[in-house]
$ cat upload.pdb   # PDB, C-alpha atoms and all ligand atoms
ATOM      1  CA  MET A  14       0.000   0.000   0.000
ATOM      2  CA  ASN A  15       1.356   3.447  -0.687
ATOM      3  CA  GLU A  16       2.301   5.773   2.165
ATOM      4  CA  LYS A  17      -0.402   8.324   1.397
ATOM      5  CA  GLN A  18      -3.041   5.634   1.561
ATOM      6  CA  ILE A  19      -1.660   4.230   4.829
ATOM      7  CA  ALA A  20      -1.725   7.677   6.475
ATOM      8  CA  ALA A  21      -5.180   8.413   5.059
ATOM      9  CA  GLU A  22      -6.686   5.168   6.308
ATOM     10  CA  TYR A  23      -5.137   5.595   9.757
ATOM     11  CA  SER A  24      -6.630   9.080  10.112
ATOM     12  CA  ILE A  25     -10.145   7.621  10.077
ATOM     13  CA  ASN A  26      -9.460   6.294  13.605
ATOM     14  CA  PHE A  27      -9.705   9.884  14.871
ATOM     15  CA  ILE A  28     -13.280  10.245  13.616
ATOM     16  CA  GLU A  29     -16.107   9.613  16.071
ATOM     17  CA  ASP A  30     -19.814   9.161  15.544
ATOM     18  CA  GLY A  31     -21.682  12.461  15.294
ATOM     19  CA  MET A  32     -18.651  14.562  14.390
ATOM     20  CA  LEU A  33     -18.592  17.435  11.942
ATOM     21  CA  ILE A  34     -15.561  16.791   9.755
ATOM     22  CA  GLY A  35     -13.580  19.240   7.605
ATOM     23  CA  LEU A  36     -12.392  17.671   4.376
ATOM     24  CA  GLY A  37      -9.120  18.942   2.901
ATOM     25  CA  THR A  38      -8.004  18.623  -0.700
ATOM     26  CA  GLY A  39      -5.481  16.571  -2.656
ATOM     27  CA  SER A  40      -4.508  13.056  -3.568
ATOM     28  CA  THR A  41      -3.980  11.932   0.050
ATOM     29  CA  VAL A  42      -7.358  13.341   1.019
ATOM     30  CA  ARG A  43      -8.911  11.367  -1.837
ATOM     31  CA  PHE A  44      -7.702   8.157  -0.183
ATOM     32  CA  MET A  45      -9.173   9.404   3.099
ATOM     33  CA  LEU A  46     -12.522  10.130   1.429
ATOM     34  CA  ALA A  47     -12.656   6.603   0.039
ATOM     35  CA  SER A  48     -12.048   5.119   3.525
ATOM     36  CA  LEU A  49     -14.471   7.507   5.163
ATOM     37  CA  ALA A  50     -17.177   6.565   2.670
ATOM     38  CA  GLU A  51     -16.648   2.894   3.543
ATOM     39  CA  ARG A  52     -17.103   3.664   7.245
ATOM     40  CA  VAL A  53     -20.205   5.714   6.488
ATOM     41  CA  LYS A  54     -21.623   2.755   4.571
ATOM     42  CA  GLN A  55     -20.990   0.632   7.649
ATOM     43  CA  GLY A  56     -23.035   3.048   9.781
ATOM     44  CA  LEU A  57     -20.704   5.848  10.934
ATOM     45  CA  LYS A  58     -22.747   9.051  11.222
ATOM     46  CA  ILE A  59     -20.847  12.201  10.284
ATOM     47  CA  THR A  60     -21.481  15.456   8.511
ATOM     48  CA  ALA A  61     -18.728  17.185   6.541
ATOM     49  CA  VAL A  62     -17.639  20.532   5.143
ATOM     50  CA  SER A  63     -15.527  20.589   1.998
ATOM     51  CA  SER A  64     -12.508  22.786   1.213
ATOM     52  CA  SER A  65     -12.708  22.723  -2.587
ATOM     53  CA  ALA A  66     -14.808  22.008  -5.646
ATOM     54  CA  GLU A  67     -12.649  18.920  -6.252
ATOM     55  CA  THR A  68     -13.336  17.491  -2.797
ATOM     56  CA  THR A  69     -17.020  18.402  -3.009
ATOM     57  CA  GLU A  70     -17.343  16.462  -6.248
ATOM     58  CA  MET A  71     -15.690  13.349  -4.856
ATOM     59  CA  ALA A  72     -17.500  13.510  -1.487
ATOM     60  CA  ARG A  73     -20.864  13.860  -3.230
ATOM     61  CA  SER A  74     -20.135  10.926  -5.510
ATOM     62  CA  LEU A  75     -19.312   8.858  -2.408
ATOM     63  CA  LYS A  76     -22.533   9.972  -0.680
ATOM     64  CA  ILE A  77     -20.758  11.750   2.162
ATOM     65  CA  ASN A  78     -23.186  14.202   3.728
ATOM     66  CA  LEU A  79     -21.889  17.745   3.042
ATOM     67  CA  ILE A  80     -23.114  20.991   4.535
ATOM     68  CA  ASP A  81     -22.242  24.614   3.843
ATOM     69  CA  ILE A  82     -19.463  26.147   5.920
ATOM     70  CA  ASN A  83     -21.635  29.148   6.698
ATOM     71  CA  SER A  84     -24.198  26.957   8.423
ATOM     72  CA  VAL A  85     -21.798  25.732  11.141
ATOM     73  CA  ASP A  86     -20.182  27.260  14.218
ATOM     74  CA  ARG A  87     -17.185  24.970  14.686
ATOM     75  CA  ILE A  88     -15.775  21.917  13.012
ATOM     76  CA  ASP A  89     -14.722  19.040  15.257
ATOM     77  CA  LEU A  90     -11.883  17.728  13.159
ATOM     78  CA  THR A  91     -10.340  18.603   9.803
ATOM     79  CA  ILE A  92      -8.225  16.095   7.907
ATOM     80  CA  ASP A  93      -6.048  17.539   5.165
ATOM     81  CA  GLY A  94      -2.840  16.892   3.262
ATOM     82  CA  ALA A  95       0.319  19.011   3.201
ATOM     83  CA  ASP A  96       3.237  19.664   0.884
ATOM     84  CA  GLU A  97       5.950  20.053   3.520
ATOM     85  CA  VAL A  98       5.962  19.627   7.293
ATOM     86  CA  ASP A  99       8.788  20.678   9.602
ATOM     87  CA  PRO A 100       9.626  19.146  13.014
ATOM     88  CA  GLU A 101       7.401  21.720  14.765
ATOM     89  CA  LEU A 102       4.503  20.648  12.522
ATOM     90  CA  ASN A 103       4.464  23.939  10.656
ATOM     91  CA  GLY A 104       3.800  23.384   6.999
ATOM     92  CA  ILE A 105       3.440  24.530   3.449
ATOM     93  CA  LYS A 106       0.124  23.787   1.790
ATOM     94  CA  GLY A 107      -1.528  24.794  -1.434
ATOM     95  CA  GLY A 108       0.111  22.483  -3.926
ATOM     96  CA  GLY A 109      -3.400  21.619  -5.039
ATOM     97  CA  GLY A 110      -4.435  25.278  -5.058
ATOM     98  CA  ALA A 111      -6.993  25.099  -2.251
ATOM     99  CA  LEU A 112      -4.969  26.906   0.425
ATOM    100  CA  LEU A 113      -7.449  29.707   1.092
ATOM    101  CA  TYR A 114     -10.465  27.548   1.866
ATOM    102  CA  GLU A 115      -8.227  25.026   3.612
ATOM    103  CA  LYS A 116      -6.910  27.731   5.927
ATOM    104  CA  VAL A 117     -10.406  29.049   6.662
ATOM    105  CA  LEU A 118     -11.554  25.516   7.448
ATOM    106  CA  ALA A 119      -8.532  24.849   9.656
ATOM    107  CA  SER A 120      -9.076  28.102  11.539
ATOM    108  CA  ILE A 121     -12.534  27.024  12.744
ATOM    109  CA  SER A 122     -11.565  23.418  13.478
ATOM    110  CA  SER A 123     -11.071  22.227  17.030
ATOM    111  CA  LYS A 124      -8.515  19.715  15.799
ATOM    112  CA  ASN A 125      -6.447  19.554  12.599
ATOM    113  CA  ILE A 126      -4.785  16.415  11.314
ATOM    114  CA  TRP A 127      -2.506  16.313   8.292
ATOM    115  CA  ILE A 128      -1.933  13.118   6.381
ATOM    116  CA  VAL A 129       1.271  12.870   4.364
ATOM    117  CA  ASP A 130       3.773  10.456   2.914
ATOM    118  CA  SER A 131       7.228  10.423   4.460
ATOM    119  CA  SER A 132       8.734  12.567   1.650
ATOM    120  CA  LYS A 133       6.804  15.555   3.015
ATOM    121  CA  LEU A 134       8.702  15.578   6.324
ATOM    122  CA  VAL A 135      11.527  18.141   6.086
ATOM    123  CA  LYS A 136      13.972  19.763   8.479
ATOM    124  CA  LYS A 137      13.265  23.212   7.096
ATOM    125  CA  LEU A 138      10.396  24.549   4.987
ATOM    126  CA  GLY A 139      10.992  26.110   1.588
ATOM    127  CA  LYS A 140      12.112  23.547  -0.968
ATOM    128  CA  PHE A 141       8.493  23.225  -2.034
ATOM    129  CA  PRO A 142       7.493  26.470  -3.791
ATOM    130  CA  LEU A 143       5.402  28.564  -1.427
ATOM    131  CA  PRO A 144       1.936  29.226  -2.906
ATOM    132  CA  VAL A 145       0.534  32.706  -2.409
ATOM    133  CA  GLU A 146      -3.067  33.361  -3.461
ATOM    134  CA  VAL A 147      -3.482  36.824  -4.971
ATOM    135  CA  ILE A 148      -6.341  38.741  -6.528
ATOM    136  CA  PRO A 149      -6.052  39.119 -10.309
ATOM    137  CA  TYR A 150      -6.331  42.928 -10.094
ATOM    138  CA  GLY A 151      -2.785  44.304  -9.982
ATOM    139  CA  SER A 152      -1.274  40.831  -9.838
ATOM    140  CA  LYS A 153       1.360  41.786 -12.431
ATOM    141  CA  GLN A 154       2.633  44.610 -10.217
ATOM    142  CA  LEU A 155       2.506  42.318  -7.184
ATOM    143  CA  PHE A 156       4.522  39.761  -9.133
ATOM    144  CA  ASP A 157       7.101  42.472  -9.943
ATOM    145  CA  LYS A 158       7.378  43.368  -6.258
ATOM    146  CA  PHE A 159       7.983  39.708  -5.406
ATOM    147  CA  GLU A 160      10.720  39.631  -8.035
ATOM    148  CA  LYS A 161      12.392  42.673  -6.467
ATOM    149  CA  GLU A 162      12.324  40.839  -3.130
ATOM    150  CA  ASN A 163      14.141  37.909  -4.798
ATOM    151  CA  PHE A 164      11.237  35.580  -4.078
ATOM    152  CA  ASN A 165      11.626  33.999  -7.563
ATOM    153  CA  PRO A 166       7.881  34.155  -8.270
ATOM    154  CA  VAL A 167       6.101  32.085 -10.903
ATOM    155  CA  PHE A 168       2.437  32.436 -11.831
ATOM    156  CA  ARG A 169       0.922  28.981 -11.467
ATOM    157  CA  GLU A 170      -0.438  27.471 -14.661
ATOM    158  CA  ARG A 171      -2.493  24.394 -15.411
ATOM    159  CA  ASN A 172      -2.835  22.935 -18.903
ATOM    160  CA  GLY A 173      -1.006  25.953 -20.354
ATOM    161  CA  LYS A 174      -3.404  28.460 -18.794
ATOM    162  CA  ARG A 175      -3.218  30.637 -15.687
ATOM    163  CA  PHE A 176      -4.457  28.586 -12.729
ATOM    164  CA  ILE A 177      -7.649  29.987 -11.180
ATOM    165  CA  THR A 178      -8.589  29.074  -7.617
ATOM    166  CA  ASP A 179     -12.095  28.229  -6.417
ATOM    167  CA  SER A 180     -12.419  31.846  -5.288
ATOM    168  CA  LYS A 181     -11.349  33.089  -8.744
ATOM    169  CA  ASN A 182      -7.892  34.233  -7.726
ATOM    170  CA  TYR A 183      -4.401  33.476  -9.041
ATOM    171  CA  ILE A 184      -1.568  31.662  -7.330
ATOM    172  CA  ILE A 185       1.982  32.938  -7.410
ATOM    173  CA  ASP A 186       4.469  30.258  -6.317
ATOM    174  CA  LEU A 187       7.567  31.613  -4.588
ATOM    175  CA  ASN A 188      10.739  29.599  -5.121
ATOM    176  CA  LEU A 189      12.537  30.347  -1.897
ATOM    177  CA  ASN A 190      14.516  27.149  -1.413
ATOM    178  CA  GLU A 191      14.795  27.723   2.370
ATOM    179  CA  ILE A 192      12.580  29.691   4.735
ATOM    180  CA  ASP A 193      14.478  30.948   7.779
ATOM    181  CA  ASN A 194      11.725  32.844   9.534
ATOM    182  CA  ALA A 195       8.367  31.455   8.444
ATOM    183  CA  ALA A 196       6.292  33.618  10.813
ATOM    184  CA  GLY A 197       8.082  36.801   9.709
ATOM    185  CA  LEU A 198       7.736  35.909   6.038
ATOM    186  CA  ASN A 199       4.052  35.105   6.477
ATOM    187  CA  ALA A 200       3.417  38.422   8.215
ATOM    188  CA  SER A 201       5.272  40.426   5.582
ATOM    189  CA  LEU A 202       3.595  38.643   2.653
ATOM    190  CA  ASN A 203       0.192  39.435   4.145
ATOM    191  CA  LEU A 204       1.080  43.136   4.052
ATOM    192  CA  PHE A 205       1.374  43.239   0.245
ATOM    193  CA  PRO A 206      -1.919  44.651  -1.082
ATOM    194  CA  GLY A 207      -3.524  41.998  -3.251
ATOM    195  CA  VAL A 208      -2.291  39.013  -1.258
ATOM    196  CA  VAL A 209      -5.278  37.004  -0.087
ATOM    197  CA  GLU A 210      -3.522  34.176   1.756
ATOM    198  CA  THR A 211      -0.225  32.351   1.927
ATOM    199  CA  GLY A 212       0.457  28.631   1.968
ATOM    200  CA  LEU A 213       2.337  28.908   5.264
ATOM    201  CA  PHE A 214       0.271  27.023   7.830
ATOM    202  CA  LEU A 215       1.921  27.784  11.142
ATOM    203  CA  GLY A 216       0.783  26.367  14.471
ATOM    204  CA  ILE A 217      -2.243  24.800  12.820
ATOM    205  CA  ALA A 218      -1.680  21.030  12.669
ATOM    206  CA  ASP A 219      -2.347  19.254  15.955
ATOM    207  CA  TYR A 220      -1.312  15.871  14.576
ATOM    208  CA  VAL A 221       0.587  14.761  11.499
ATOM    209  CA  ILE A 222       0.206  11.188  10.338
ATOM    210  CA  ALA A 223       3.076  10.227   8.078
ATOM    211  CA  GLY A 224       2.950   7.002   6.109
ATOM    212  CA  LYS A 225       6.166   5.041   6.402
ATOM    213  CA  ASN A 226       6.848   1.874   4.445
ATOM    214  CA  GLU A 227       4.121  -0.411   5.723
ATOM    215  CA  GLY A 228       3.091   1.623   8.781
ATOM    216  CA  CYS A 229       2.818   5.196   9.894
ATOM    217  CA  ASP A 230       4.221   7.608  12.457
ATOM    218  CA  VAL A 231       1.937   9.959  14.347
ATOM    219  CA  TYR A 232       3.403  13.270  15.496
ATOM    220  CA  GLU A 233       1.658  15.572  17.956
ATOM    221  CA  ARG A 234       2.378  19.290  18.065
ATOM    222  CA  GLN A 235       3.950  20.412  21.322
ATOM    223  CA  LYS A 236       1.796  23.283  22.564
ATOM    224  CA  LYS A 237       3.711  26.292  23.863
ATOM    225  CA  ASP A 238       2.851  27.176  27.501
ATOM    226  CA  GLN A 239       0.041  29.694  27.609
ATOM    227  CA  PRO A 240       0.610  32.684  29.956
ATOM    228  CA  LYS A 241      -1.722  32.407  32.974
TER     229      LYS A 241
HETATM  230  C1  LIG A 301      -4.113  21.428  -1.599
HETATM  231  C2  LIG A 301      -3.134  21.007  -0.568
HETATM  232  C3  LIG A 301      -2.835  19.562  -0.492
HETATM  233  O1  LIG A 301      -3.288  19.080   0.717
HETATM  234  C4  LIG A 301      -1.346  19.361  -0.642
HETATM  235  O2  LIG A 301      -0.942  19.927  -1.869
HETATM  236  C5  LIG A 301      -0.958  17.890  -0.581
HETATM  237  O3  LIG A 301      -1.476  17.236  -1.711
HETATM  238  P1  LIG A 301      -1.278  15.682  -1.966
HETATM  239  O4  LIG A 301      -2.022  14.975  -0.899
HETATM  240  O5  LIG A 301      -1.853  15.467  -3.340
HETATM  241  O6  LIG A 301       0.201  15.384  -1.925
HETATM  242  O7  LIG A 301      -2.630  21.775   0.208
HETATM  243  O8  LIG A 301      -4.235  22.826  -1.632
END
$ encode --input "upload.pdb" --output "structure tokens"
Amino acid sequence: MNEKQIAAEYSINFIEDGMLIGLGTGSTVRFMLASLAERVKQGLKITAVSSSAETTEMARSLKINLIDINSVDRIDLTIDGADEVDPELNGIKGGGGALLYEKVLASISSKNIWIVDSSKLVKKLGKFPLPVEVIPYGSKQLFDKFEKENFNPVFRERNGKRFITDSKNYIIDLNLNEIDNAAGLNASLNLFPGVVETGLFLGIADYVIAGKNEGCDVYERQKKDQPK
């Protein structure tokens, strides 16, 4: 079995009857959806909120009960993929282009689990190009600013055409190679007018399930002490 599938199938153990589940996007999530649908067929009762048109289509075809994000207060658990994960469980997401809705979903989820294959575990973030979702208006000038910052930007394309996200924006991928200060970079990127969201997901994942040969490793994020 491939590592993505192993991690995806293991993640179903975190789902309990009656939960409201956030569904991420990507090939690993597709494995998770297939397993979840099996459990639903066997009687598991869940409701779900989707993070993308792609996931919505698959979930509907598998008869997973979806509801609109605006009709819920909180989500119990979101299961999503990731493109890179560092030892502190910070990550880069957005390889599939769904980073904006994925981040919104994660932000209202009581628990976030990422499912990955072992190649996604890295010492330092940045080898994977960092996706930044931008509005089309003025995106050329924004791109130029990123070039001046030496971010090595590339407009994402699919099938020879500019990639358009579910919220009708563009994605500029930044080829940074190494990110030294992810929080600082995230904050400064968010200050560029026209940036909607970045693919830096910091302090979001509570657990990462990484497929490994024939098993998987589960990592839990160490919570920093809260001031009393
Ligand atoms: C989509 C994502 C995906 O979760 C991420 O790209 C991982 O994808 P895959 O499971 O196909 O490797 O962030 O926006």
$ residues_near_ligand --input "upload.pdb" --ligand "ligand LIG 301 (chain A)" --cutoff "8 Å" --atoms "all atoms listed in the file" --output "list in words"
Lys17, Gly37, Thr38, Gly39, Ser40, Thr41, Val42, Arg43, Asp93, Gly94, Ala95, Asp96, Ile105, Lys106, Gly107, Gly108, Gly109, Gly110, Ala111, Leu112, Glu115, Ile128, Val129, Asp130 and Gly212 of chain A
$ residues_around --input "upload.pdb" --residues "Gly56 (chain A)" --least-positions-apart "2" --cutoff "12 Å" --atoms "all atoms listed in the file" --output "list in words"
Glu29, Asp30, Gly31, Leu49, Ala50, Glu51, Arg52, Val53, Lys54, Lys58, Ile59 and Ile77 of chain A
$ closest_residue --input "upload.pdb" --among "A:Tyr150, A:Ala196, A:Phe168, A:Ile217" --to "Ile121 (chain A)" --atoms "all atoms listed in the file"
A:Ile217
$ closest_residue --input "upload.pdb" --among "A:Lys124, A:Arg169, A:Lys137, A:Lys76" --to "Leu189 (chain A)" --atoms "all atoms listed in the file"
A:Lys137
$ closest_residue --input "upload.pdb" --among "A:Ala61, A:Val117, A:Met14, A:Ile19" --to "Leu90 (chain A)" --atoms "all atoms listed in the file"
A:Ala61
$ residues_around --input "upload.pdb" --residues "Val147 (chain A)" --least-positions-apart "6" --cutoff "7 Å" --atoms "only C-alpha atoms" --output "list of chain:residue names"
A:Asn182, A:Tyr183, A:Ile184, A:Gly207, A:Val208, A:Val209
$ atom_distance --input "upload.pdb" --atom1 "CA of Lys236 (chain A)" --atom2 "CA of Leu198 (chain A)"
21.6 Å
$ resolve_selection --input "upload.pdb" --expression "the PyMOL selection byres (((chain A and resi 190) around 12) and not hetatm)" --output "list in words"
Lys137, Leu138, Gly139, Lys140, Phe141, Pro142, Leu143, Asn163, Phe164, Asn165, Pro166, Asp186, Leu187, Asn188, Leu189, Glu191, Ile192 and Asp193 of chain A
$ closest_residue --input "upload.pdb" --among "A:Val62, A:Ala223, A:Val135, A:Leu155" --to "Asn203 (chain A)" --atoms "all atoms listed in the file"
A:Leu155
$ atom_distance --input "upload.pdb" --atom1 "CA of Asn125 (chain A)" --atom2 "CA of Ile88 (chain A)"
9.6 Å
$ residues_around --input "upload.pdb" --residues "Met32 (chain A)" --least-positions-apart "4" --cutoff "7 Å" --atoms "all atoms listed in the file" --output "PyMOL selection string"
chain A and resi 28+59-60+89
$ residues_near_point --input "upload.pdb" --point "(3.3, 20.8, 23.0)" --cutoff "12 Å" --atoms "only C-alpha atoms" --output "PyMOL selection string"
chain A and resi 100-102+216+218-220+232-239
$ write_last_selection --input "upload.pdb" --atoms "C-alpha atoms" --output "compact mmCIF listing (two decimals), keeping the file's coordinate frame"
# COMPACT_ATOMS: atom_id res chain seq x y z
CA PRO A 100 9.63 19.15 13.01
CA GLU A 101 7.40 21.72 14.76
CA LEU A 102 4.50 20.65 12.52
CA GLY A 216 0.78 26.37 14.47
CA ALA A 218 -1.68 21.03 12.67
CA ASP A 219 -2.35 19.25 15.96
CA TYR A 220 -1.31 15.87 14.58
CA TYR A 232 3.40 13.27 15.50
CA GLU A 233 1.66 15.57 17.96
CA ARG A 234 2.38 19.29 18.07
CA GLN A 235 3.95 20.41 21.32
CA LYS A 236 1.80 23.28 22.56
CA LYS A 237 3.71 26.29 23.86
CA ASP A 238 2.85 27.18 27.50
CA GLN A 239 0.04 29.69 27.61
$ axis_aligned_box --input "upload.pdb" --around "region 77-88 of chain A" --padding-each-side "5 Å" --output "lines of an AutoDock Vina configuration file"
center_x = -20.0
center_y = 20.4
center_z = 8.4
size_x = 18.4
size_y = 27.4
size_z = 22.5
$ resolve_selection --input "upload.pdb" --expression "the PyMOL selection byres (((chain A and resi 133) around 6) and not hetatm)" --output "PyMOL selection string"
chain A and resi 96-98+130-132+134
$ atom_distance --input "upload.pdb" --atom1 "CA of Asp81 (chain A)" --atom2 "CA of Leu57 (chain A)"
20.1 Å
